[in-house]
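Enquirer: Quick one, coords.pdb (PDB, C-alpha atoms, pLDDT in the B column):
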```pdb
ATOM      1  CA  ASP A   1       0.000   0.000   0.000  1.00 92.00           C
ATOM      2  CA  ALA A   2       1.106   3.546  -0.610  1.00 94.00           C
ATOM      3  CA  TRP A   3      -0.377   6.962   0.103  1.00 97.00           C
ATOM      4  CA  VAL A   4       0.674  10.603   0.117  1.00 96.00           C
ATOM      5  CA  THR A   5       0.129  13.142   2.900  1.00 97.00           C
ATOM      6  CA  PRO A   6       0.416  16.887   2.213  1.00 97.00           C
ATOM      7  CA  ILE A   7       2.785  18.623   4.661  1.00 96.00           C
ATOM      8  CA  VAL A   8       4.384  22.034   5.235  1.00 97.00           C
ATOM      9  CA  MET A   9       8.186  22.116   5.282  1.00 93.00           C
ATOM     10  CA  LYS A  10      10.438  24.758   6.826  1.00 94.00           C
ATOM     11  CA  LYS A  11      10.005  28.267   5.455  1.00 95.00           C
ATOM     12  CA  GLY A  12       6.353  27.393   4.752  1.00 96.00           C
ATOM     13  CA  ARG A  13       7.042  25.352   1.635  1.00 95.00           C
ATOM     14  CA  SER A  14       4.435  22.762   0.670  1.00 95.00           C
ATOM     15  CA  ALA A  15       5.515  19.200   0.183  1.00 93.00           C
ATOM     16  CA  HIS A  16       4.264  15.654   0.417  1.00 94.00           C
ATOM     17  CA  THR A  17       5.216  12.698   2.554  1.00 95.00           C
ATOM     18  CA  LEU A  18       5.169   9.381   0.740  1.00 96.00           C
ATOM     19  CA  HIS A  19       4.107   6.485   2.978  1.00 96.00           C
ATOM     20  CA  CYS A  20       4.654   2.897   1.857  1.00 96.00           C
ATOM     21  CA  LEU A  21       3.824  -0.422   3.477  1.00 95.00           C
ATOM     22  CA  CYS A  22       5.654  -3.484   2.270  1.00 95.00           C
ATOM     23  CA  ALA A  23       6.813  -6.878   3.415  1.00 94.00           C
ATOM     24  CA  PRO A  24      10.333  -6.893   4.900  1.00 94.00           C
ATOM     25  CA  ASN A  25      11.658  -8.921   1.978  1.00 97.00           C
ATOM     26  CA  HIS A  26      10.614  -6.125  -0.437  1.00 97.00           C
ATOM     27  CA  LEU A  27      12.156  -3.253   1.544  1.00 97.00           C
ATOM     28  CA  ASP A  28      15.477  -2.969  -0.305  1.00 97.00           C
ATOM     29  CA  HIS A  29      13.774  -3.020  -3.696  1.00 97.00           C
ATOM     30  CA  LEU A  30      11.228  -0.391  -2.607  1.00 97.00           C
ATOM     31  CA  LYS A  31      13.962   1.886  -1.205  1.00 97.00           C
ATOM     32  CA  LYS A  32      15.825   1.646  -4.519  1.00 97.00           C
ATOM     33  CA  ILE A  33      12.683   2.614  -6.464  1.00 97.00           C
ATOM     34  CA  ILE A  34      11.981   5.595  -4.180  1.00 97.00           C
ATOM     35  CA  PHE A  35      15.564   6.894  -4.433  1.00 97.00           C
ATOM     36  CA  GLN A  36      15.599   6.467  -8.228  1.00 98.00           C
ATOM     37  CA  HIS A  37      12.241   8.153  -8.856  1.00 96.00           C
ATOM     38  CA  THR A  38      12.077  10.960  -6.283  1.00 94.00           C
ATOM     39  CA  THR A  39      14.313  13.829  -5.183  1.00 92.00           C
ATOM     40  CA  THR A  40      14.581  12.602  -1.584  1.00 93.00           C
ATOM     41  CA  LEU A  41      17.964  12.287   0.086  1.00 95.00           C
ATOM     42  CA  GLY A  42      16.774  10.042   2.910  1.00 95.00           C
ATOM     43  CA  LEU A  43      14.084   7.695   4.151  1.00 96.00           C
ATOM     44  CA  ARG A  44      12.701   6.828   7.562  1.00 96.00           C
ATOM     45  CA  VAL A  45      11.964   3.134   7.964  1.00 96.00           C
ATOM     46  CA  PHE A  46       9.710   1.756  10.708  1.00 95.00           C
ATOM     47  CA  SER A  47       8.522  -1.742  11.468  1.00 93.00           C
ATOM     48  CA  VAL A  48       4.827  -2.016  12.184  1.00 92.00           C
ATOM     49  CA  ASP A  49       2.571  -4.730  13.492  1.00 91.00           C
ATOM     50  CA  ARG A  50      -0.879  -5.400  12.104  1.00 89.00           C
ATOM     51  CA  THR A  51      -3.834  -6.743  14.014  1.00 92.00           C
ATOM     52  CA  ALA A  52      -6.767  -8.021  11.994  1.00 93.00           C
ATOM     53  CA  LEU A  53     -10.162  -9.418  12.792  1.00 94.00           C
ATOM     54  CA  LYS A  54     -10.964 -13.011  11.933  1.00 93.00           C
ATOM     55  CA  ARG A  55     -12.935 -12.869   8.687  1.00 92.00           C
ATOM     56  CA  GLN A  56     -15.545 -14.895   6.941  1.00 91.00           C
ATOM     57  CA  VAL A  57     -16.998 -14.183   3.519  1.00 92.00           C
ATOM     58  CA  ILE A  58     -20.614 -14.790   2.620  1.00 91.00           C
ATOM     59  CA  SER A  59     -21.637 -14.667  -1.032  1.00 92.00           C
ATOM     60  CA  VAL A  60     -25.269 -13.579  -1.305  1.00 92.00           C
ATOM     61  CA  GLN A  61     -27.573 -13.527  -4.303  1.00 90.00           C
ATOM     62  CA  LEU A  62     -29.484 -10.293  -4.826  1.00 88.00           C
ATOM     63  CA  ASP A  63     -32.454 -10.007  -7.156  1.00 78.00           C
ATOM     64  CA  SER A  64     -32.004  -7.136  -9.562  1.00 67.00           C
ATOM     65  CA  LYS A  65     -33.463  -5.714 -12.742  1.00 64.00           C
ATOM     66  CA  ALA A  66     -30.628  -7.452 -14.605  1.00 55.00           C
ATOM     67  CA  GLY A  67     -31.258 -10.855 -12.991  1.00 61.00           C
ATOM     68  CA  ASP A  68     -29.549 -12.482 -10.038  1.00 69.00           C
ATOM     69  CA  ASP A  69     -26.205 -11.056  -8.971  1.00 80.00           C
ATOM     70  CA  ALA A  70     -23.802 -12.390  -6.339  1.00 90.00           C
ATOM     71  CA  VAL A  71     -22.172  -9.972  -3.902  1.00 94.00           C
ATOM     72  CA  ASP A  72     -19.504 -11.056  -1.431  1.00 95.00           C
ATOM     73  CA  VAL A  73     -19.831  -9.646   2.086  1.00 96.00           C
ATOM     74  CA  LYS A  74     -16.938  -9.737   4.568  1.00 95.00           C
ATOM     75  CA  ILE A  75     -17.890 -10.475   8.172  1.00 93.00           C
ATOM     76  CA  GLY A  76     -15.350  -9.273  10.766  1.00 93.00           C
ATOM     77  CA  LEU A  77     -15.349 -11.287  14.000  1.00 91.00           C
ATOM     78  CA  LEU A  78     -13.882 -10.411  17.388  1.00 92.00           C
ATOM     79  CA  GLY A  79     -14.068 -13.795  19.072  1.00 88.00           C
ATOM     80  CA  ASP A  80     -17.600 -14.924  18.241  1.00 82.00           C
ATOM     81  CA  GLU A  81     -18.994 -11.378  18.023  1.00 86.00           C
ATOM     82  CA  VAL A  82     -19.673  -9.775  14.637  1.00 88.00           C
ATOM     83  CA  VAL A  83     -18.135  -6.296  14.793  1.00 92.00           C
ATOM     84  CA  SER A  84     -18.123  -5.329  11.118  1.00 94.00           C
ATOM     85  CA  THR A  85     -19.792  -6.227   7.855  1.00 94.00           C
ATOM     86  CA  LYS A  86     -18.814  -4.847   4.480  1.00 96.00           C
ATOM     87  CA  ALA A  87     -20.020  -5.610   0.975  1.00 97.00           C
ATOM     88  CA  GLU A  88     -17.319  -6.018  -1.670  1.00 96.00           C
ATOM     89  CA  PHE A  89     -17.251  -2.675  -3.507  1.00 97.00           C
ATOM     90  CA  ASP A  90     -16.323  -4.105  -6.923  1.00 96.00           C
ATOM     91  CA  HIS A  91     -19.282  -6.493  -6.825  1.00 95.00           C
ATOM     92  CA  CYS A  92     -21.667  -3.684  -5.834  1.00 95.00           C
ATOM     93  CA  TYR A  93     -20.222  -1.406  -8.512  1.00 95.00           C
ATOM     94  CA  ARG A  94     -20.629  -4.090 -11.200  1.00 92.00           C
ATOM     95  CA  MET A  95     -24.260  -4.612 -10.211  1.00 92.00           C
ATOM     96  CA  ALA A  96     -24.906  -0.854 -10.031  1.00 92.00           C
ATOM     97  CA  THR A  97     -23.592  -0.277 -13.548  1.00 92.00           C
ATOM     98  CA  ARG A  98     -25.857  -3.028 -14.905  1.00 89.00           C
ATOM     99  CA  THR A  99     -28.991  -2.028 -13.006  1.00 89.00           C
ATOM    100  CA  GLY A 100     -28.736   1.719 -12.428  1.00 90.00           C
ATOM    101  CA  GLU A 101     -29.293   1.192  -8.692  1.00 91.00           C
ATOM    102  CA  PRO A 102     -27.117   3.282  -6.343  1.00 95.00           C
ATOM    103  CA  ILE A 103     -24.069   1.416  -5.014  1.00 95.00           C
ATOM    104  CA  HIS A 104     -24.946   2.202  -1.385  1.00 96.00           C
ATOM    105  CA  LYS A 105     -28.401   0.606  -1.729  1.00 94.00           C
ATOM    106  CA  ILE A 106     -26.910  -2.560  -3.225  1.00 93.00           C
ATOM    107  CA  ALA A 107     -24.266  -2.710  -0.475  1.00 95.00           C
ATOM    108  CA  LYS A 108     -26.885  -2.208   2.229  1.00 95.00           C
ATOM    109  CA  ALA A 109     -29.103  -4.990   0.810  1.00 93.00           C
ATOM    110  CA  ALA A 110     -26.123  -7.360   0.530  1.00 94.00           C
ATOM    111  CA  VAL A 111     -25.032  -6.684   4.127  1.00 95.00           C
ATOM    112  CA  ARG A 112     -28.595  -7.169   5.400  1.00 93.00           C
ATOM    113  CA  LYS A 113     -28.918 -10.512   3.610  1.00 92.00           C
ATOM    114  CA  ALA A 114     -25.451 -11.676   4.741  1.00 92.00           C
ATOM    115  CA  GLU A 115     -26.261 -10.803   8.364  1.00 90.00           C
ATOM    116  CA  GLU A 116     -29.501 -12.821   8.114  1.00 89.00           C
ATOM    117  CA  VAL A 117     -27.580 -15.820   6.761  1.00 87.00           C
ATOM    118  CA  PHE A 118     -24.842 -15.492   9.381  1.00 86.00           C
ATOM    119  CA  ASN A 119     -27.337 -15.130  12.265  1.00 84.00           C
ATOM    120  CA  LYS A 120     -29.290 -18.169  11.061  1.00 83.00           C
ATOM    121  CA  HIS A 121     -26.203 -20.413  10.860  1.00 78.00           C
ATOM    122  CA  GLY A 122     -23.822 -18.833  13.372  1.00 71.00           C
ATOM    123  CA  LYS A 123     -21.130 -18.924  10.692  1.00 66.00           C
ATOM    124  CA  ALA A 124     -20.639 -18.206   7.025  1.00 63.00           C
ATOM    125  CA  PRO A 125     -21.958 -21.094   4.944  1.00 57.00           C
ATOM    126  CA  SER A 126     -19.845 -21.996   1.935  1.00 51.00           C
ATOM    127  CA  THR A 127     -22.687 -21.067  -0.436  1.00 43.00           C
ATOM    128  CA  VAL A 128     -26.040 -19.361  -0.274  1.00 40.00           C
ATOM    129  CA  GLU A 129     -27.644 -22.633  -1.376  1.00 41.00           C
ATOM    130  CA  GLU A 130     -26.268 -24.165   1.828  1.00 38.00           C
ATOM    131  CA  ALA A 131     -27.783 -21.238   3.692  1.00 39.00           C
ATOM    132  CA  SER A 132     -31.216 -21.926   2.253  1.00 38.00           C
ATOM    133  CA  SER A 133     -31.146 -25.677   2.864  1.00 36.00           C
ATOM    134  CA  PRO A 134     -32.720 -26.936   6.125  1.00 37.00           C
ATOM    135  CA  LYS A 135     -30.454 -27.603   9.112  1.00 38.00           C
ATOM    136  CA  ASN A 136     -30.026 -31.226  10.162  1.00 34.00           C
TER     137      ASN A 136
END
```
Would you mind giving the structure from this file in structure tokens?
Expert:
Amino acid sequence: DAWVTPIVMKKGRSAHTLHCLCAPNHLDHLKKIIFQHTTTLGLRVFSVDRTALKRQVISVQLDSKAGDDAVDVKIGLLGDEVVSTKAEFDHCYRMATRTGEPIHKIAKAAVRKAEEVFNKHGKAPSTVEEASSPKN
């Protein structure tokens, strides 16, 4: 990942800070690229740790004007508690361009359906068909 932050240097000059995240085994290559393609004379390198929620993905079918469309929804779990749900943007965008529906409405419908499936099963089923089949 990379991003740029606008900053103010000494004497009030505007500038940008380039931030990059990479795996340790890519660091030397990335430093070389930055030195070759920018005017910087130095870099600050920090190690960071990342903490991530356990994730499950539920693929849900949504009825639309263009037929059935599948949207993946990521479920973020802290222990057994659902703390975040997010529809895959690219899937929502694809459906929105075909149907004319706003992306946020598609995402909201996908999240609602995924939460129903997750609450019914207590986990993400491998398919929506599994979600609609009766429990044994």
Enquirer: Please indicate the distance in Å from CA of Val8 in chain A to CA of Lys31 in chain A, rounded to one decimal place.
Expert: 23.2 Å
Enquirer: What does the PyMOL selection byres ((chain A and resi 74) around 12) select in this file, as a ChimeraX atom specification?
Expert: /A:53-60,71-73,75-77,82-89,107,110-112,114-115,118,123-124
Enquirer: Quick check, in Å to one decimal: how far apart do CA of Pro24 in chain A and CA of Leu41 in chain A lie?
Expert: 21.2 Å
Enquirer: Which residue out of A:Ile34, A:Cys92, A:Ala70, A:Leu21 has the minimum interatomic distance to Phe46 in chain A when all atoms listed in the file are used?
Expert: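 Checking each of A:Ile34, A:Cys92, A:Ala70, A:Leu21 against Phe46 in chain A, counting all atoms listed in the file, the winner is A:Leu21.
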Enquirer: One decimal, Å: what's the distance from CA of His29 in chain A over to CA of Thr5 in chain A, could you say?
Expert: 22.2 Å
Enquirer: From the list A:Ile7, A:Val48, A:Leu78, A:Leu62, which residue is nearest Ala23 in chain A when using only C-alpha atoms?
Expert: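 When distances to Ala23 in chain A are compared using only C-alpha atoms, the smallest one comes from A:Val48.
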Enquirer: Under the rule that all atoms listed in the file are counted, which of A:Asp80, A:Asp49, A:His104, A:Leu18 is the nearest residue to His37 in chain A?
Expert: A:Leu18
Enquirer: Closest to Thr39 in chain A among A:Arg94, A:Lys120, A:His26, A:His16, using all atoms listed in the file?
Expert: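 Among A:Arg94, A:Lys120, A:His26, A:His16, it is A:His16 that comes nearest to Thr39 in chain A.
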